[in-house]
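K.L.:
To start, I am sharing the structure in question, which I have written as structure tokens.
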Amino acid sequence: MENLFFGVDYYPEHWPRERWETDAALMEEMGLSVVRLAEFSWAKMEPNLGEFHFEWLQEAIEILGKHGIKTVLGTPTAAPPAWIMEETPEIYPVDSNGIRRGFGGRHHDCQSNKTYRSHIKRFVTAMATTFKDNPYVIGWQIDNELGNSHHDLCMCDSCKSAFQDWLKEKYGSIGVLNKEWGTYFWSQDYASFEQIPAPRRTVTGSNPSAMLDWKRFCSDLIVEFQQYQIDIIRDICKSHFITHNFMGFADKVNYFDLAKNLDFISHDQYPGGFFTTPPHEKNEVLSAALDLMRGTKNQSFWIMEQQSGITGWETMGRTPEPGQLALWAQHTIAHGADTIVFFRFRTCTVGTEQYWHGILPHSGKPGRRFRELKDMIAKLKPIMPELKGTMPKAETGIVYSYDQNYAFQIQPHHPELNYVEQVVKYYKGFYERNIPVDFVSDKEEFHKYKLLVAPLQYLMNPELEKKYDEYVAQGGHLVLTMRTGVKNDNNVCMSEMELPGRLGTIAGIEINDYDCLVGCNTEVLWIKSNKLEPMKAEKWCDIIELKGASVLAEYSSQFYKGSPAITEYSYGKGKVYYVGHEPDHRLMQIFNEYITGNAGINLLPTTPDGVEITLRSAEAIDYVFVMNHNNFSVKVNLPKEWEAVFTGQNSELKPFQVDIYKAKITV
Amino acid sequence: MENLFFGVDYYPEHWPRERWETDAALMEEMGLSVVRLAEFSWAKMEPNLGEFHFEWLQEAIEILGKHGIKTVLGTPTAAPPAWIMEETPEIYPVDSNGIRRGFGGRHHDCQSNKTYRSHIKRFVTAMATTFKDNPYVIGWQIDNELGNSHHDLCMCDSCKSAFQDWLKEKYGSIGVLNKEWGTYFWSQDYASFEQIPAPRRTVTGSNPSAMLDWKRFCSDLIVEFQQYQIDIIRDICKSHFITHNFMGFADKVNYFDLAKNLDFISHDQYPGGFFTTPPHEKNEVLSAALDLMRGTKNQSFWIMEQQSGITGWETMGRTPEPGQLALWAQHTIAHGADTIVFFRFRTCTVGTEQYWHGILPHSGKPGRRFRELKDMIAKLKPIMPELKGTMPKAETGIVYSYDQNYAFQIQPHHPELNYVEQVVKYYKGFYERNIPVDFVSDKEEFHKYKLLVAPLQYLMNPELEKKYDEYVAQGGHLVLTMRTGVKNDNNVCMSEMELPGRLGTIAGIEINDYDCLVGCNTEVLWIKSNKLEPMKAEKWCDIIELKGASVLAEYSSQFYKGSPAITEYSYGKGKVYYVGHEPDHRLMQIFNEYITGNAGINLLPTTPDGVEITLRSAEAIDYVFVMNHNNFSVKVNLPKEWEAVFTGQNSELKPFQVDIYKAKITV
Amino acid sequence: MENLFFGVDYYPEHWPRERWETDAALMEEMGLSVVRLAEFSWAKMEPNLGEFHFEWLQEAIEILGKHGIKTVLGTPTAAPPAWIMEETPEIYPVDSNGIRRGFGGRHHDCQSNKTYRSHIKRFVTAMATTFKDNPYVIGWQIDNELGNSHHDLCMCDSCKSAFQDWLKEKYGSIGVLNKEWGTYFWSQDYASFEQIPAPRRTVTGSNPSAMLDWKRFCSDLIVEFQQYQIDIIRDICKSHFITHNFMGFADKVNYFDLAKNLDFISHDQYPGGFFTTPPHEKNEVLSAALDLMRGTKNQSFWIMEQQSGITGWETMGRTPEPGQLALWAQHTIAHGADTIVFFRFRTCTVGTEQYWHGILPHSGKPGRRFRELKDMIAKLKPIMPELKGTMPKAETGIVYSYDQNYAFQIQPHHPELNYVEQVVKYYKGFYERNIPVDFVSDKEEFHKYKLLVAPLQYLMNPELEKKYDEYVAQGGHLVLTMRTGVKNDNNVCMSEMELPGRLGTIAGIEINDYDCLVGCNTEVLWIKSNKLEPMKAEKWCDIIELKGASVLAEYSSQFYKGSPAITEYSYGKGKVYYVGHEPDHRLMQIFNEYITGNAGINLLPTTPDGVEITLRSAEAIDYVFVMNHNNFSVKVNLPKEWEAVFTGQNSELKPFQVDIYKAKITV
């Protein structure tokens with residue numbers, strides 16, 4: 001693919017025809033070379049069944065093309081038009097209360113509905129055929145942010161039936177399902193797959209095994225929904241790439257699965273958040289999300305929507321400070337993005353997203369944001385070809401699993417226990433010390449990592465146990481945590497052994513008792529090196545019995561005072577650490593220092609709070625990014641031999657400043 | 001109309017026939033001369049279709065009449081009886097989830113339903129005909145508190161269809177609607193009006209233009225529902241007045257519109273609140289509500305329900321302290337009420353409102369409340385005829401708009417930004433300094449005001465811009481605020497100019513950037529007069545560029561530190577102030593002092609906290625009310641020349657004391 | 001019935017056949033002699049209509065029986081199988097929004113549904129017939145925790161119709177109902193019983209009289225649902241007992257009524273709570289719940305489910321500390337339990353209750369909990385036969401009423417006023433001083449109590465007034481409180497007299513005014529004995545006028561400062577105290593000391609915080625339980641003459657230690 005480093009999401013249909021030329025010229029002035037178009041404009045392209053109007057889109061593509069801007073087309077299937085919905089209201093999704101949602105937003109589509117599929121078939125075929133040979137069109141985005149907004153959707157009859165088919169496929173016979181789900185509990189035995197409901201609201205309680213399968217089914221349905229469109233487009237547009245815009249830690253769909261048949265994945269990066277965290281997401285969460293995105297395909301990626309102003313719908317977030325938008329964009333490059341497409345070029349004057357601000361304000365007059373990003377692009381563009389496709393040298397992996405996440409959503413144990421938050425806590429231990437991390441699926445190879453952190457390995461199976469065993473036996477250092485080995489893959493508690501099941505052998509421990517820390521914490525002492533400052537175990541305490549392991553930290557309150565809190569065990573050529581609780585921040589720091597030291601993890605320079613160093617490695621050289629996330633200046637102390645890409649080495653970073661160096665890192 | 005100053009809401013049908021005489025005698029003893037009757041008693045008057053029983057009501061009216069008490073009749077259409085609902089369950093309203101509500105409360109009526117209208121036609125015709133010549137009946141209240149309880153109601157098929165008709169009427173063609181709503185966003189184009197939904201719950205998001213039209217439609221439906229009954233009664237009862245009981249800052253219906261065809265408006269005043277603010281509403285909110293009520297028709301008004309004891313349904317509020325009920329009643333007079341009808345005479349022993357206390361307790365034995373109000377009435381009655389119809393001399397107006405309120409309900413910007421609260425913040429600036437204020441519709445004439453505060457002029461149109469321009473050009477002082485000129489009347493963002501649009505010319509400023517203060521405030525300094533105490537901008541900051549204006553206050557934190565926070569600009573013969581944020585209390589005080597000084601607003605004496613002075617002006621003389629809202633005594637310093645209406649001038653006010661003076665105020 | 005003191009809830013169908021023998025042996029080792037079986041296993045026993053499979057259950061019963069373990073069978077009607085629900089979806093309950101709940105939990109049954117009744121008839125008949133002569137089967141539990149999870153259920157057409165029948169039965173004619181409910185309020189008159197709805201969600205408000213009857217109907221429906229099964233079983237299994245497992249302060253069903261036709265009641269005791277109070281319920285609440293359970297039939301009882309580990313579904317509670325499970329079990333014995341059945345033997349590996357921990361962990365390997373309970377059983381077993389059937393000697397009664405509770409649920413007055421909490425506040429006054437208390441239905445005889453506390457006697461009728469009058473006249477000491485005598489039994493306010501109605505005569509007071517303390521408290525002084533420390537009245541203040549009574553405490557703030565807060569009045573041979581508010585903790589202590597002193601209540605020794613003394617009285621001797629609820633050691637000072645049952649007298653109690661003494665108490 002040609003070099004396309006910066007772009008925007010653009011909606012020519014939102015603006016008068018006479019403005020298009022102006023917009024294209026401004027884009028060119030900014031240094032943009034790619035746009036995403038049309039991903040929400042079905043009604044404009046097919047106002048009535050079979051009456052196609054692609055001419056406006058072709059015209060826009062050509063105007064942009066003449067300004068050196070290539071087009072990625074979105075299939076508009078996240079917003080079926082009113083005439084489809086009027087004809088087939090069964091397409092509206094149904095929620096867990098059995099209430100059918102209405103028209104007026106987006107994502108109002110049941111993804112299993114057969115009639116909707118036939119509309120997609122007709123439309124996407126026509127669109128792909130129209131644009132397959134357009135010289136400016138280079139690729140496709142399927143739908144938009146699949147999984148978004150479908151939290152407790154869809155539980156309609158079509159989805160129920162699709163779920164039943166999915167279960168048939170998985171279990172073969174209803175007898176096997178009854179056994180695996182343990183339906184003997186509360187008399188829930190099914191005589192046939194047709195009796196199995198979508199998990200609408202019950203009087204009380206639900207079956208955790210059924211819920212886990214439902215969540216997997218919902219993910220698989222989305223993957224299959226995407227594949228349905230991939231198949232159409234691949235067949236017609238042989239030379240175009242296909243991608244989809246992911247959403248970081250969103251979890252309705254398993255992104256490892258969704259990534260599989262895409263040429264590359266894209267990601268929507270909004271540090272300003274989706275109405276959640278004022279004023280913006282924490283730095284380690286932003287970095288972790290990008291590393292996860294890279295990990296879904298273990299490959300560099302696109303940002304298909306990069307924040308370009310205040311985010312907001314009914315309410316808004318803080319305005320990005322001067323320099324902050326540019327920092328956020330470079331931050332995504334530092335973590336593996338090859339192309340940054342800003343959302344959106346000009347702030348929309350109508351509809352739900354009037355206050356999801358673009359580069360240009362409502363008035364269309366270039367202002368602070370335009371200038372800032374234009375300057376950033378001018379600075380970065382020369383280095384982008386060298387960076388393209390490079391990846392960090394991570395010696396450390398964190399195992400990430402959608403199934404584990406689902407299982408903890410179904411049964412959080414502690415009211416505040418959250419899988420992603422706990423994973424990010426471990427990530428932060430590395431992040432604060434500028435240690436590159438990969439997120440790894442448990443289906444992937446572990447051996448390339450010196451150190452592997454596998455938090456909350458709650459669902460367990462013999463193959464995965466064997467992988468961990470072999471990883472350690474051959475020299476890997478593995479961190480296991482509380483709630484490891486509790487259940488089988490169908491969310492049923494193991495009953496053959498004490499916790500953590502067969503992994504007890506490689507951890508050198510056994511757990512016969514535990515405490516859920518509702519409304520309290522337990523004190524912990526790091527006894528390994530006589531650091532006697534009291535720290536805290538949060539949410540949960542495994543009460544550990546040693547079966548060969550030695551003690552790094554112990555509980556110093558509660559009735560299990562004096563019993564091990566963190567253990568270390570040498571197994572084969574490697575080591576296993578077991579953390580029987582959720583450590584607080586200080587304990588995580590001490591633990592991280594200890595395990596990275598043991599594993600021989602090479603270190604980048606340390607930096608003050610809010611300054612992050614990361615790298616992308618080409619064959620001959622590493623590109624080191626030094627980023628000041630703070631809105632004040634800070635001093636840094638970098639190796640003299642690092643060669644500044646832009647200017648001389650800076651010992652002081654201005655607010656939101658990013659420097660890039662060429663270096664040969666021994667990591 | 002004859003002089004009727006005090007009355008009660010009375011329910012003879014709730015008590016044994018033999019008690020009616022006793023009640024009438026007690027009312028006469030209290031000095032009451034008017035009752036409202038029957039507004040919830042449809043089933044008693046028509047127990048079966050066409051079987052009318054008005055005889056009990058006629059008898060009650062006569063008994064009361066013989067005690068010198070006139071009757072206002074309420075049409076009982078806020079509580080259709082069970083036999084209507086059983087026959088036509090489609091009359092039950094449907095909520096945004098599509099759930100049809102049931103029997104057992106009140107307001108269970110869809111106001112667009114055609115069958116319900118025919119029931120109203122039949123019943124109201126019969127009732128009006130029955131009472132048109134009754135010598136004791138003087139007027140009518142239509143329904144009860146229209147808009148109350150209908151928060152997300154009604155979204156039934158009938159209302160959907162009525163909404164579609166309303167839109168047809170407004171836009172003429174579906175093409176115009178599509179353009180004005182910007183339905184190109186998210187592919188929401190409609191092929192016909194019949195495709196447009198009532199805004200039931202979507203999967204996610206909604207169109208702000210559609211939502212605004214929905215809210216206007218709901219208001220118009222209520223106005224038309226009232227008009228339907230007005231037409232019937234006007235036709236039959238030529239000599240009777242027609243009114244309706246409003247609810248202060250309630251906003252389901254635009255009260256300016258609802259007031260239009262009424263002879264006068266009435267208001268229900270419950271300082272004890274509707275289950276909201278313990279122990280009772282703030283004084284400035286109570287006063288502002290009364291001033292808004294007066295402003296809806298720019299005319300003195302009735303209180304149709306005045307609090308007479310603890311308010312409550314399932315839970316209750318505080319008991320009024322001795323003297324407080326009398327204060328509250330006189331407070332409404334001070335703000336323009338001519339007649340006070342207390343709700344209710346005797347506390348009901350049955351039903352939802354068992355604990356919405358009347359003057360008499362459940363036992364019917366006159367007690368503290370009876371004595372207190374009787375004394376107050378005896379004191380006030382002599383002065384009431386002089387006060388009747390008089391109005392305050394307000395030199396200051398605050399522009400009040402239901403449309404602006406709706407627009408901020410749809411998109412509050414900041415999670416805590418509330419149109420009414422911000423309006424009341426400006427009102428409080430005047431209230432604390434005893435400066436009379438009118439609330440003014442933006443359809444009204446502005447020129448009579450020296451000073452006009454127009455908060456949050458978010459929706460804007462050329463006519464209104466012109467009105468503001470002319471008002472200032474001809475010498476008016478105008479206060480504009482943050483979020484002025486953002487949108488057109490259809491809730492679409494302006495795109496031709498920077499903010500605040502064409503009003504930038506009269507304000508001498510331009511706004512290219514802004515900040516939503518989620519989770520923080522910005523510091524502000526009033527630099528005009530070197531008051532360097534730090535104050536706070538809340539919720540929002542416009543980052544203002546001067547185009548001729550001078551700076552009164554500037555931001556002193558955030559990246560826009562040093563940029564203007566409040567500006568002043570001379571335009572034509574007048575002045576425009578622009579406040580780019582929501583000021584905190586102290587800043588509002590300083591700002592208020594500055595602008596009233598500039599505008600030459602005449603001042604009443606200042607008073608301690610909780611003591612309010614207001615006035616009603618007759619041609620020759622002003623009636624000044626001095627009211628102590630506190631439950632402790634306070635000293636006041638009043639002009640010696642003020643002539644006490646009741647006794648000599650008091651330099652100390654007892655708890656809840658109200659004094660009235662005759663004076664000639666130069667305001 | 002033979003001596004069966006300890007048992008477990010056991011689910012052989014959850015475990016492999018080959019494990020049953022092991023489990024039975026472990027139970028025998030623990031000293032268990034009874035199991036409850038099969039209460040959720042309908043589908044296993046009748047997988048298709050009329051196809052019965054009891055053979056597995058017979059086999060399990062026999063294996064257990066051979067280990068000396070008897071069986072109580074549960075009817076599995078709390079979980080109708082999928083094949084019934086598929087055939088008759090009308091059995092799924094409908095909530096107040098009209099939404100029908102789905103399959104996948106439990107309690108998904110409408111208890112009025114006729115088809116469901118016919119399924120119950122067929123199944124229970126078959127089950128009873130099968131086991132009537134089984135030598136190991138001794139009795140039955142009907143259904144499971146009746147009322148549980150049915151909070152706003154069921155409002156289906158069948159229940160509506162059953163409610164209408166219930167009302168017909170109660171009122172005879174619709175005219176009487178209209179009068180009693182006061183349907184003249186808001187025009188709610190009904191022409192026929194068929195018009196009366198189940199109280200689904202209205203637009204706003206509801207009729208308190210209708211709501212109270214609905215709650216009574218729901219209770220009666222459950223009682224009748226239980227009776228339906230009792231009748232079947234009594235007819236077939238002549239020699240078996242019938243019980244049901246109650247849930248302490250749960251209130252969907254009136255437990256006095258539910259207890260009536262049972263041989264004895266059972267209770268499920270979970271100090272760890274049902275997902276509510278971390279880390280576990282307060283001691284006085286636990287004790288009060290047990291005393292209420294004993295009071296429902298005035299008879300000793302079984303614990304059918306006694307906590308045996310962490311409780312939890314999606315989230316979990318704290319783990320019981322070493323010794324705490326044993327304490328909790330002995331605590332139930334101290335309050336009147338004859339038999340303790342632990343829930344459950346082994347933690348389930350599947351389904352909703354995977355984390356509702358049993359004695360054995362998931363692994364089935366006996367651990368800390370097994371050993372602790374085994375030791376406790378060994379210790380207690382010798383004394384159990386002597387304790388069986390004994391009851392405490394309570395000189396004090398607290399009147400407990402489901403109707404009063406319902407009435408306050410419908411109208412809580414103050415947002416935080418809760419009937420059960422206020423009752424427990426009075427209970428706690430006694431509890432802290434180790435004074436035994438009975439909970440008494442207002443249908444029961446009062447004369448056996450020296451002192452009777454009747455909190456919140458809100459609903460009142462002439463018979464009950466007469467009972468109170470006679471009780472006092474003949475020498476009883478009675479405590480009445482705020483909100484006494486407000487309403488008649490149909491939730492209609494009394495209108496003949498001032499509060500507290502006719503009971504004013506025996507209390508020597510009258511109340512003409514009151515205050516609801518929203519957002520504040522009122523200060524109170526105990527003036528009787530010059531204890532001038534300021535204490536607090538919470539939530540409500542009656543403003544009391546003395547009609548002969550003397551003052552114990554007075555309000556010392558608010559406008560009613562100086563007026564009586566607590567009064568005392570001698571009436572006949574007895575005394576009436578009236579408490580016009582909810583006293584704070586300190587005031588309750590002082591008041592309790594005063595009234596118990598006056599009543600001549602005999603005292604057990606006082607003990608430090610967390611140490612409880614209670615007793616069960618046999619004819620010749622009393623068994624005194626001294627229990628340390630603390631997780632630390634405490635010293636106690638006991639009468640030397642008390643004879644220790646286990647070892648010598650302990651002046652220091654270890655954490656969670658329980659000692660039992662034989663003594664002759666003069667209480």
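The chains in the structure tokens are called A, B, ... from first to last as shown; in each chain the residues are counted from 1, and the ligands are counted from 1 in the order shown.
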If we count only C-alpha atoms, which residues of chain B reach to within 9 Å of chain A? Please list them as a compact mmCIF listing (two decimals) with N, CA and C atoms, in the first residue's frame.

P.N.:
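Final output, selection25.txt:
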```
# COMPACT_ATOMS: atom_id res chain seq x y z
N ASN B 97 -40.58 3.85 26.83
CA ASN B 97 -40.27 2.44 26.64
C ASN B 97 -41.39 1.70 25.94
N GLY B 98 -42.46 2.42 25.59
CA GLY B 98 -43.59 1.76 24.94
C GLY B 98 -44.52 1.09 25.94
N ILE B 99 -44.34 1.37 27.23
CA ILE B 99 -45.17 0.73 28.25
C ILE B 99 -46.39 1.60 28.52
N GLU B 180 -34.16 20.69 7.47
CA GLU B 180 -34.08 21.45 8.71
C GLU B 180 -33.58 20.60 9.88
N TRP B 181 -33.94 19.35 9.88
CA TRP B 181 -33.48 18.45 10.95
C TRP B 181 -32.06 17.92 10.69
N GLY B 182 -31.57 18.11 9.47
CA GLY B 182 -30.27 17.53 9.15
C GLY B 182 -30.29 16.02 9.22
N THR B 183 -31.31 15.43 8.61
CA THR B 183 -31.44 13.96 8.72
C THR B 183 -30.37 13.22 7.92
N TYR B 184 -29.58 13.99 7.13
CA TYR B 184 -28.45 13.32 6.46
C TYR B 184 -27.47 12.75 7.49
N PHE B 185 -27.52 13.27 8.71
CA PHE B 185 -26.66 12.69 9.75
C PHE B 185 -27.20 11.33 10.17
N TRP B 186 -26.35 10.33 10.14
CA TRP B 186 -26.72 8.95 10.51
C TRP B 186 -27.89 8.41 9.69
N SER B 187 -28.02 8.92 8.46
CA SER B 187 -28.92 8.27 7.50
C SER B 187 -30.37 8.24 7.99
N GLN B 188 -30.81 9.38 8.55
CA GLN B 188 -32.14 9.39 9.15
C GLN B 188 -33.19 10.05 8.26
N ASP B 189 -32.91 10.17 6.96
CA ASP B 189 -33.86 10.78 6.04
C ASP B 189 -35.20 10.03 6.06
N TYR B 190 -36.26 10.83 6.03
CA TYR B 190 -37.60 10.25 6.00
C TYR B 190 -38.20 10.42 4.61
N ALA B 191 -38.89 9.39 4.14
CA ALA B 191 -39.56 9.48 2.85
C ALA B 191 -40.95 10.09 3.00
N GLN B 195 -43.32 8.11 8.48
CA GLN B 195 -42.18 7.34 9.00
C GLN B 195 -41.62 7.91 10.31
N ILE B 196 -42.03 9.11 10.65
CA ILE B 196 -41.42 9.77 11.80
C ILE B 196 -41.99 9.22 13.11
N PRO B 197 -41.11 8.77 13.99
CA PRO B 197 -41.59 8.16 15.25
C PRO B 197 -41.84 9.22 16.33
N ALA B 198 -42.67 8.89 17.29
CA ALA B 198 -42.57 9.55 18.59
C ALA B 198 -41.22 9.11 19.16
N PRO B 199 -40.54 9.98 19.89
CA PRO B 199 -39.15 9.66 20.26
C PRO B 199 -39.03 8.64 21.38
N ARG B 200 -39.49 7.43 21.11
CA ARG B 200 -39.29 6.35 22.08
C ARG B 200 -37.79 6.06 22.19
N ARG B 201 -37.47 5.23 23.16
CA ARG B 201 -36.08 4.90 23.43
C ARG B 201 -35.41 4.29 22.20
N THR B 202 -34.28 4.85 21.81
CA THR B 202 -33.52 4.29 20.69
C THR B 202 -32.41 3.40 21.24
N VAL B 203 -31.67 2.79 20.35
CA VAL B 203 -30.48 2.05 20.78
C VAL B 203 -29.48 3.01 21.38
N THR B 204 -29.26 4.12 20.71
CA THR B 204 -28.36 5.15 21.25
C THR B 204 -28.55 6.44 20.49
N GLY B 205 -28.56 7.53 21.22
CA GLY B 205 -28.59 8.84 20.61
C GLY B 205 -29.95 9.25 20.06
N SER B 206 -30.06 10.53 19.72
CA SER B 206 -31.29 11.03 19.13
C SER B 206 -30.95 12.31 18.39
N ASN B 207 -31.88 12.78 17.58
CA ASN B 207 -31.65 13.98 16.79
C ASN B 207 -32.14 15.20 17.58
N PRO B 208 -31.25 16.11 17.94
CA PRO B 208 -31.65 17.26 18.77
C PRO B 208 -32.74 18.10 18.13
N SER B 209 -32.78 18.18 16.82
CA SER B 209 -33.83 18.96 16.15
C SER B 209 -35.17 18.27 16.29
N ALA B 210 -35.18 16.96 16.12
CA ALA B 210 -36.43 16.20 16.30
C ALA B 210 -36.90 16.31 17.75
N PHE B 408 -31.66 23.14 26.20
CA PHE B 408 -30.65 22.73 27.19
C PHE B 408 -31.02 21.42 27.88
N GLN B 409 -32.30 21.12 27.95
CA GLN B 409 -32.67 19.79 28.47
C GLN B 409 -32.20 18.71 27.51
N ILE B 410 -32.29 19.00 26.23
CA ILE B 410 -31.86 18.02 25.22
C ILE B 410 -30.34 17.88 25.22
N GLN B 411 -29.65 18.99 25.34
CA GLN B 411 -28.18 18.97 25.37
C GLN B 411 -27.68 19.88 26.49
N PRO B 412 -27.55 19.36 27.68
CA PRO B 412 -27.16 20.22 28.81
C PRO B 412 -25.71 20.73 28.74
N HIS B 413 -24.94 20.27 27.78
CA HIS B 413 -23.53 20.66 27.70
C HIS B 413 -22.74 20.08 28.88
N HIS B 414 -22.84 20.79 30.02
CA HIS B 414 -22.21 20.33 31.25
C HIS B 414 -23.25 19.50 32.01
N PRO B 415 -22.82 18.40 32.65
CA PRO B 415 -23.80 17.53 33.31
C PRO B 415 -24.70 18.27 34.30
N LYS B 487 -27.26 28.39 17.83
CA LYS B 487 -28.10 27.57 16.96
C LYS B 487 -29.24 28.37 16.35
N ASN B 491 -32.63 24.09 16.26
CA ASN B 491 -31.60 23.37 17.03
C ASN B 491 -30.44 22.90 16.17
N VAL B 492 -30.17 23.62 15.12
CA VAL B 492 -29.03 23.33 14.24
C VAL B 492 -27.98 24.41 14.47
N CYS B 493 -26.72 24.00 14.58
CA CYS B 493 -25.67 24.97 14.86
C CYS B 493 -25.49 25.92 13.69
N MET B 494 -25.34 27.19 14.00
CA MET B 494 -25.03 28.21 13.00
C MET B 494 -23.66 27.89 12.39
N SER B 495 -23.50 28.10 11.13
CA SER B 495 -22.20 27.81 10.54
C SER B 495 -21.63 28.98 9.74
N GLU B 496 -22.37 30.08 9.67
CA GLU B 496 -21.86 31.18 8.85
C GLU B 496 -20.81 32.01 9.58
N MET B 497 -20.95 32.13 10.89
CA MET B 497 -20.08 33.04 11.62
C MET B 497 -19.55 32.34 12.86
N GLU B 498 -18.52 32.98 13.46
CA GLU B 498 -18.09 32.55 14.78
C GLU B 498 -19.12 32.98 15.81
N LEU B 499 -19.06 32.41 16.96
CA LEU B 499 -19.95 32.79 18.06
C LEU B 499 -19.66 34.21 18.53
N ASN B 512 -13.92 31.96 19.52
CA ASN B 512 -13.45 30.90 18.63
C ASN B 512 -13.17 29.61 19.36
N ASP B 513 -13.30 29.65 20.64
CA ASP B 513 -12.86 28.48 21.41
C ASP B 513 -13.61 28.52 22.74
N TYR B 514 -13.78 27.36 23.34
CA TYR B 514 -14.45 27.32 24.64
C TYR B 514 -14.06 26.06 25.37
N ASP B 515 -14.41 26.02 26.64
CA ASP B 515 -14.00 24.90 27.50
C ASP B 515 -15.20 24.49 28.34
N CYS B 516 -15.45 23.20 28.40
CA CYS B 516 -16.53 22.71 29.25
C CYS B 516 -15.89 22.24 30.55
N LEU B 517 -16.29 22.84 31.67
CA LEU B 517 -15.58 22.64 32.94
C LEU B 517 -16.05 21.39 33.68
N VAL B 518 -15.94 20.25 33.04
CA VAL B 518 -16.32 19.00 33.71
C VAL B 518 -15.33 18.71 34.83
N GLY B 519 -15.83 18.62 36.04
CA GLY B 519 -14.98 18.24 37.16
C GLY B 519 -14.04 19.34 37.64
N CYS B 520 -14.24 20.58 37.22
CA CYS B 520 -13.35 21.66 37.69
C CYS B 520 -14.02 23.02 37.51
N GLN B 558 -6.22 28.15 34.06
CA GLN B 558 -6.34 27.41 32.80
C GLN B 558 -5.43 28.02 31.72
N PHE B 559 -5.37 27.38 30.57
CA PHE B 559 -4.46 27.87 29.53
C PHE B 559 -4.93 29.21 28.94
```

K.L.:
List as a list in words the protein and nucleic acid residues near stretch 561-564 of chain A, meaning an atom at most 9 Å away when only C-alpha atoms are counted, but skip any in the same chain fewer than 5 places from it.

P.N.:
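Listed by chain and then number, they are Thr522, Glu523, Val524, Asp542, Ile543, Ile544, Glu545, Leu546, Ser550, Val551, Leu552, Ala553, Glu554, Tyr555, Ser556 and Gly580 of chain A.
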
K.L.:
Run DSSP on the backbone and give me the residues of stretch 522-622 of chain C it puts in helix (DSSP H, G or I), as a VMD selection string.

P.N.:
chain C and resid 585 to 599

K.L.:
Could you save those same residues with C-alpha atoms as a compact mmCIF listing (two decimals), in the first residue's frame?

P.N.:
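The resulting file, selection08.txt, is shown below:
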```txt
# COMPACT_ATOMS: atom_id res chain seq x y z
CA HIS C 585 -29.39 5.35 70.61
CA ARG C 586 -28.50 7.12 73.84
CA LEU C 587 -32.06 8.23 74.50
CA MET C 588 -33.26 4.69 73.88
CA GLN C 589 -30.80 3.40 76.49
CA ILE C 590 -32.01 5.84 79.13
CA PHE C 591 -35.63 5.19 78.27
CA ASN C 592 -35.12 1.43 78.36
CA GLU C 593 -33.48 1.57 81.76
CA TYR C 594 -36.37 3.62 83.07
CA ILE C 595 -39.21 1.48 81.79
CA THR C 596 -37.66 -1.86 82.67
CA GLY C 597 -37.01 -0.54 86.15
CA ASN C 598 -40.62 0.56 86.49
CA ALA C 599 -41.92 -2.74 85.18
```
